[in-house]
>>> print(open('input-v1.csv').read())   # CSV, C-alpha atoms
chain,number,residue,atom,x,y,z
B,642,MET,CA,107.9,97.3,95.4
B,643,GLY,CA,109.2,100.4,97.0
B,644,GLY,CA,111.2,100.0,100.2
B,645,PRO,CA,110.9,100.4,104.0
B,646,GLN,CA,108.1,102.8,105.0
B,647,VAL,CA,106.6,102.8,101.5
B,648,ASN,CA,102.9,101.9,101.4
B,649,GLY,CA,102.4,100.8,97.7
B,650,MET,CA,98.7,100.4,98.1
B,651,GLN,CA,98.3,103.9,99.4
B,652,LEU,CA,100.3,105.3,96.5
B,653,LEU,CA,98.2,103.3,94.0
B,654,LEU,CA,94.9,104.4,95.4
B,655,ALA,CA,96.1,108.0,95.5
B,656,GLY,CA,97.0,107.9,91.8
B,657,GLU,CA,100.8,108.4,92.6
B,658,THR,CA,101.6,105.2,90.8
B,659,ASP,CA,99.8,103.3,88.0
B,660,ILE,CA,100.9,99.8,89.0
B,661,MET,CA,102.5,98.1,92.0
B,662,MET,CA,103.8,94.7,93.0
B,663,GLY,CA,101.6,93.2,95.6
B,664,TYR,CA,100.7,90.0,97.4
B,665,ASP,CA,97.7,87.7,97.1
B,666,LEU,CA,96.4,88.3,100.6
B,667,GLN,CA,96.9,92.1,100.2
B,668,VAL,CA,94.8,92.0,97.0
B,669,LEU,CA,92.0,89.9,98.6
B,670,LYS,CA,91.9,92.1,101.7
B,671,SER,CA,91.7,95.2,99.5
B,672,LEU,CA,88.8,93.7,97.5
B,673,GLU,CA,87.1,92.8,100.8
B,674,GLN,CA,87.3,96.4,101.9
B,675,GLY,CA,85.8,97.6,98.6
B,676,LEU,CA,89.0,99.1,97.2
B,677,PRO,CA,89.2,99.4,93.4
B,678,VAL,CA,92.1,97.1,92.7
B,679,ILE,CA,92.7,94.6,89.8
B,680,THR,CA,95.3,91.8,89.6
B,681,ILE,CA,96.9,91.9,86.1
B,682,ALA,CA,99.5,89.2,86.5
B,683,THR,CA,100.9,86.5,88.7
B,684,SER,CA,104.3,84.9,88.5
B,685,PHE,CA,104.2,82.3,91.3
B,686,GLN,CA,101.9,79.4,92.1
B,687,PHE,CA,102.7,79.8,95.8
B,688,ASP,CA,103.3,82.9,97.9
B,689,LEU,CA,107.0,82.7,98.6
B,690,GLN,CA,108.1,83.7,102.1
B,691,GLY,CA,111.7,84.0,103.3
B,692,MET,CA,113.6,85.0,106.3
B,693,MET,CA,117.0,86.9,106.3
B,694,THR,CA,119.0,86.5,109.4
B,695,HIS,CA,122.5,87.1,110.7
B,696,MET,CA,124.9,84.2,110.6
B,697,GLU,CA,124.5,83.2,114.3
B,698,VAL,CA,120.8,82.4,113.7
B,699,ALA,CA,120.6,78.7,112.8
B,700,SER,CA,117.1,77.9,113.9
B,701,LEU,CA,113.8,79.5,114.8
B,702,ALA,CA,114.7,79.0,118.5
B,703,ASP,CA,117.6,81.3,118.0
B,704,LEU,CA,115.2,84.1,117.2
B,705,LYS,CA,113.9,84.3,120.8
B,706,ASP,CA,114.5,87.7,122.3
B,707,LYS,CA,115.7,89.1,118.9
B,708,THR,CA,114.3,92.1,117.1
B,709,ILE,CA,112.2,90.8,114.1
B,710,LEU,CA,111.3,93.2,111.3
B,711,VAL,CA,108.4,92.4,109.0
B,712,ALA,CA,108.0,93.8,105.5
B,713,THR,CA,105.0,96.1,105.1
B,714,PRO,CA,102.9,93.7,102.9
B,715,GLY,CA,103.4,90.9,105.5
B,716,ALA,CA,102.6,92.9,108.5
B,717,ARG,CA,99.2,92.7,110.0
B,718,HIS,CA,97.7,96.1,110.5
B,719,GLY,CA,95.2,96.7,113.3
B,720,GLY,CA,91.4,96.9,113.1
B,721,HIS,CA,90.6,94.2,110.5
B,722,GLY,CA,91.5,90.5,110.0
>>> encode(input="input-v1.csv", output="structure tokens")
Amino acid sequence: MGGPQVNGMQLLLAGETDIMMGYDLQVLKSLEQGLPVITIATSFQFDLQGMMTHMEVASLADLKDKTILVATPGARHGGHG
């Protein structure tokens, strides 16, 4: 997967890696844009999503005015979509 600030799709397309772990919407968006990607496996029937918070966050309402970080594959990047 990489880590923060790592763009796995960019590394894949540049030939810096041969395989990467991606997400369904990421693959579909890449195909829509004409990028040469292939899905070789899937392990889940559903795209799992989760939130990690500090102990004091007990509900979505508690997130108001908090800093929220989104993992790169889940972030919407400008221009398309």
>>> residues_around(input="input-v1.csv", residues="Ser671 (chain B)", least_positions_apart="6", cutoff="9 Å", atoms="all atoms listed in the file", output="PyMOL selection string")
chain B and resi 650+677-678
>>> atom_distance(input="input-v1.csv", atom1="CA of Thr680 (chain B)", atom2="CA of Gly644 (chain B)")
20.8 Å
>>> closest_residue(input="input-v1.csv", among="B:Ala655, B:Gly649, B:Leu701, B:Ile709", to="Gln667 (chain B)", atoms="only C-alpha atoms")
B:Gly649
>>> atom_distance(input="input-v1.csv", atom1="CA of Ile681 (chain B)", atom2="CA of Ile660 (chain B)")
9.3 Å
>>> atom_distance(input="input-v1.csv", atom1="CA of Leu666 (chain B)", atom2="CA of Val711 (chain B)")
15.2 Å
>>> closest_residue(input="input-v1.csv", among="B:Leu704, B:Leu676, B:Met692, B:Ala699", to="Leu654 (chain B)", atoms="all atoms listed in the file")
B:Leu676
>>> closest_residue(input="input-v1.csv", among="B:Met696, B:Leu710, B:Val668, B:Ala702", to="Gln646 (chain B)", atoms="only C-alpha atoms")
B:Leu710
